[in-house]
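K.L.:
Shown below is the structure under consideration.
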Amino acid sequence: MTTAAQEAFLKSFHAERPAVTAEAFAGARTTDGRASSYELLAERVAAHRVLDLGCGDGHLLHLLARTPGRTLAGADISPQALALARRRPEVIQAGAVLVEARAQQLPFADGAFDAVASHMALMLMGDVEQVAAEIARVLVPGGVLAFVVGAGGRGTAYEVFRELLGEALERTPAERRIPVLGDRRTRDRDAMSGLLAAAGFDPAPDWETLTLDIGGPPERVWTALSGLYALAALDAGTLAGLRAAFLARTGGPDDDLPCHFGIHLATATNR
């Protein structure tokens with residue numbers, strides 16, 4: 001599947017659900033209750049000039065803007081998501097520059113940033129070698145790339161959801177199924193280390209695997225899981241049936257469902 005096809009799908013999906021990533025993860029805390037994945041990523045960025053790559057609706061920029069005096073920018077391929085980011089008061093007050101752009105061809109000068117942050121976006125990008133090269137180009141020597149990528153779901157509710165979704169997709173015509181997104185190497189420590197080293201980063205990024213708690217009442221868990229891209233292959237009737245089956249299988253409306261989502265949180269230094 002070509003990068004162009006992947007990006008066309010992502011643009012179409014986020015035109016309908018421009019804030020889907022923040023809806024799923026902004027309120028989810030690590031299993032020790034420490035912080036959200038967005039907050040953990042923001043803590044990794046201590047720089048003055050920061051680019052949020054794949055900024056979506058601007059939730060990470062909102063957190064980064066809490067540090068006064070920063071120069072912030074955001075890039076995303078979704079105009080609808082960027083429109084939401086432009087309406088955030090903290091982003092407006094910080095004077096963040098928001099651009100519709102591909103990560104493979106960033107409209108910024110060499111060495112324009114001290115840090116690049118990316119939340120759940122690198123894993124969706126094609127031509128990842130070019131993405132890594134562009135990130136290295138816009139970073140100063142010694143600049144930091146900090147990113148979060150997904151590591152898969154787990155827990156009772158997720159297992160039920162995955163079973164039901166698999167059954168629904170088996171009945172879905174092949175022409176309706178979504179393209180394979182991104183590059184799986186971005187989720188693997190050794191493979192990602194190699195990709196980053198080839199682009200000019202230190203060959204041993206700091207890499208931490210954590211678990212987010214996205215459990216709760218069945219309806220809330222469904223809302224989080226329904227943001228997965230694979231559901232875009234389902235027609236309205238099948239999607240409604242999947243929701244009904246999930247809610248029926250997972251208990252009453254006040255039950256507390258266990259559901260977790262793994263993430264990798266990493267930082268790498270540009271040489």
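If you're wondering about the labels, chains in the structure tokens are A, B, ... by order shown, residues count from 1 in each chain, ligands from 1 in order shown.
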Among segment 4-243 of chain A, which ones does DSSP place in helix (DSSP H, G or I), written as a PyMOL selection string?
P.N.:
chain A and resi 4-16+20-25+37-43+59-64+79-85+89-94+122-124+128-138+156-170+174-176+184-187+189-199+218-225+229-233+236-243
K.L.:
Give me the residues near segment 133-145 of chain A as a list in words, where near means some atom within 8 Å (using only C-alpha atoms) and where sequence neighbours in that chain fewer than 5 positions away do not count.
P.N.:
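Close residues of segment 133-145 of chain A: Val45, Ala103, Gln104, Gln105, Leu106, Phe108, Ala109, Asp110, Gly111, Ala112, Phe113, Asp114, Ala115, Val116, Ala117, Ala199, Gly200, Phe201, Thr267, Ala268, Thr269, Asn270 and Arg271 of chain A.
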K.L.:
Keeping only N, CA, C and O atoms, write those residues as a compact mmCIF listing (two decimals), in the first residue's frame.
P.N.:
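The resulting file, out-v4.txt, is reproduced below:
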# COMPACT_ATOMS: atom_id res chain seq x y z
N VAL A 45 9.94 16.96 27.25
CA VAL A 45 10.33 18.08 26.38
C VAL A 45 10.60 19.30 27.23
O VAL A 45 9.67 19.95 27.74
N ALA A 103 4.92 14.91 7.12
CA ALA A 103 6.16 14.75 7.88
C ALA A 103 7.35 14.45 6.99
O ALA A 103 8.49 14.70 7.37
N GLN A 104 7.08 13.93 5.78
CA GLN A 104 8.16 13.60 4.85
C GLN A 104 8.71 14.84 4.13
O GLN A 104 9.73 14.75 3.44
N GLN A 105 8.05 15.97 4.30
CA GLN A 105 8.49 17.20 3.64
C GLN A 105 8.05 18.39 4.49
O GLN A 105 7.08 19.09 4.17
N LEU A 106 8.77 18.64 5.55
CA LEU A 106 8.38 19.68 6.50
C LEU A 106 8.76 21.07 6.00
O LEU A 106 9.88 21.27 5.51
N PHE A 108 9.92 23.74 7.25
CA PHE A 108 10.69 24.48 8.25
C PHE A 108 12.17 24.43 7.87
O PHE A 108 12.64 23.49 7.24
N ALA A 109 12.89 25.46 8.32
CA ALA A 109 14.31 25.57 8.01
C ALA A 109 15.13 24.54 8.79
O ALA A 109 14.70 24.01 9.82
N ASP A 110 16.33 24.26 8.28
CA ASP A 110 17.26 23.40 9.00
C ASP A 110 17.51 23.97 10.39
O ASP A 110 17.72 25.19 10.56
N GLY A 111 17.50 23.10 11.41
CA GLY A 111 17.81 23.54 12.76
C GLY A 111 16.80 24.50 13.35
O GLY A 111 17.13 25.28 14.24
N ALA A 112 15.55 24.44 12.91
CA ALA A 112 14.53 25.38 13.38
C ALA A 112 14.06 25.08 14.80
O ALA A 112 13.49 25.95 15.45
N PHE A 113 14.29 23.85 15.28
CA PHE A 113 13.72 23.45 16.57
C PHE A 113 14.77 22.80 17.48
O PHE A 113 15.72 22.19 17.01
N ASP A 114 14.52 22.95 18.78
CA ASP A 114 15.34 22.29 19.79
C ASP A 114 14.76 20.92 20.15
O ASP A 114 15.47 20.07 20.70
N ALA A 115 13.47 20.73 19.87
CA ALA A 115 12.83 19.45 20.16
C ALA A 115 11.67 19.22 19.19
O ALA A 115 11.02 20.17 18.76
N VAL A 116 11.45 17.97 18.86
CA VAL A 116 10.27 17.53 18.11
C VAL A 116 9.56 16.51 18.98
O VAL A 116 10.19 15.57 19.47
N ALA A 117 8.26 16.71 19.19
CA ALA A 117 7.44 15.77 19.96
C ALA A 117 6.37 15.20 19.04
O ALA A 117 5.87 15.89 18.15
N ALA A 199 19.42 8.13 10.41
CA ALA A 199 19.06 9.53 10.13
C ALA A 199 19.97 10.51 10.85
O ALA A 199 19.87 11.72 10.62
N GLY A 200 20.82 10.01 11.76
CA GLY A 200 21.75 10.90 12.44
C GLY A 200 21.53 11.04 13.93
O GLY A 200 22.16 11.88 14.58
N PHE A 201 20.64 10.23 14.50
CA PHE A 201 20.41 10.27 15.93
C PHE A 201 21.35 9.30 16.65
O PHE A 201 21.88 8.36 16.06
N THR A 267 12.79 8.75 23.73
CA THR A 267 13.48 9.99 23.37
C THR A 267 14.80 9.63 22.71
O THR A 267 15.45 8.64 23.07
N ALA A 268 15.19 10.44 21.72
CA ALA A 268 16.45 10.24 21.01
C ALA A 268 17.08 11.60 20.77
O ALA A 268 16.40 12.59 20.53
N THR A 269 18.40 11.63 20.78
CA THR A 269 19.15 12.87 20.63
C THR A 269 19.79 12.95 19.24
O THR A 269 20.43 12.01 18.79
N ASN A 270 19.60 14.09 18.59
CA ASN A 270 20.17 14.32 17.27
C ASN A 270 21.66 14.61 17.39
O ASN A 270 22.08 15.45 18.20
N ARG A 271 22.47 13.92 16.61
CA ARG A 271 23.91 14.12 16.73
C ARG A 271 24.35 15.40 16.03
O ARG A 271 23.67 15.91 15.15
K.L.:
Under the rule that only C-alpha atoms are counted, which of A:Gly215, A:Gly126, A:Gly56, A:Gly166 is the nearest residue to Ala4 of chain A?
P.N.:
A:Gly126
K.L.:
Tell me which protein, DNA and RNA residues are within 9 Å of Gly262 of chain A, counting only C-alpha atoms, leaving out same-chain ones fewer than 5 positions away, and put them as a ChimeraX atom specification.
P.N.:
/A:149-154,209-213
K.L.:
Okay, now the selection with N, CA, C and O atoms, as a short mmCIF file (atom, residue, chain, number, x, y, z; two decimals), in the first residue's frame?
P.N.:
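Listed below is the output, out-v8.cif:
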data_model
loop_
_atom_site.label_atom_id
_atom_site.label_comp_id
_atom_site.auth_asym_id
_atom_site.auth_seq_id
_atom_site.Cartn_x
_atom_site.Cartn_y
_atom_site.Cartn_z
N VAL A 149 4.33 5.91 20.78
CA VAL A 149 3.69 5.03 19.79
C VAL A 149 2.94 3.94 20.54
O VAL A 149 3.26 3.62 21.68
N GLY A 150 1.93 3.37 19.90
CA GLY A 150 1.11 2.37 20.54
C GLY A 150 1.78 1.02 20.62
O GLY A 150 2.60 0.66 19.79
N ALA A 151 1.40 0.26 21.66
CA ALA A 151 1.95 -1.09 21.85
C ALA A 151 0.83 -2.13 22.00
O ALA A 151 1.09 -3.24 22.45
N GLY A 152 -0.41 -1.76 21.62
CA GLY A 152 -1.49 -2.74 21.59
C GLY A 152 -2.33 -2.77 22.84
O GLY A 152 -1.90 -2.35 23.92
N GLY A 153 -3.57 -3.27 22.69
CA GLY A 153 -4.51 -3.34 23.79
C GLY A 153 -4.46 -4.67 24.51
O GLY A 153 -3.92 -5.66 24.01
N ARG A 154 -5.02 -4.67 25.71
CA ARG A 154 -5.10 -5.89 26.51
C ARG A 154 -6.18 -5.70 27.57
O ARG A 154 -6.71 -4.62 27.75
N THR A 209 8.30 1.26 28.17
CA THR A 209 7.00 0.70 27.83
C THR A 209 6.09 0.81 29.05
O THR A 209 6.44 0.37 30.14
N LEU A 210 4.92 1.42 28.83
CA LEU A 210 3.98 1.69 29.91
C LEU A 210 2.59 1.19 29.53
O LEU A 210 2.31 0.92 28.35
N THR A 211 1.71 1.12 30.52
CA THR A 211 0.34 0.68 30.27
C THR A 211 -0.63 1.76 30.73
O THR A 211 -0.55 2.24 31.87
N LEU A 212 -1.54 2.13 29.83
CA LEU A 212 -2.59 3.09 30.16
C LEU A 212 -3.85 2.36 30.56
O LEU A 212 -4.20 1.33 29.96
N ASP A 213 -4.55 2.90 31.53
CA ASP A 213 -5.83 2.35 31.96
C ASP A 213 -6.94 3.10 31.22
O ASP A 213 -7.17 4.28 31.46
#
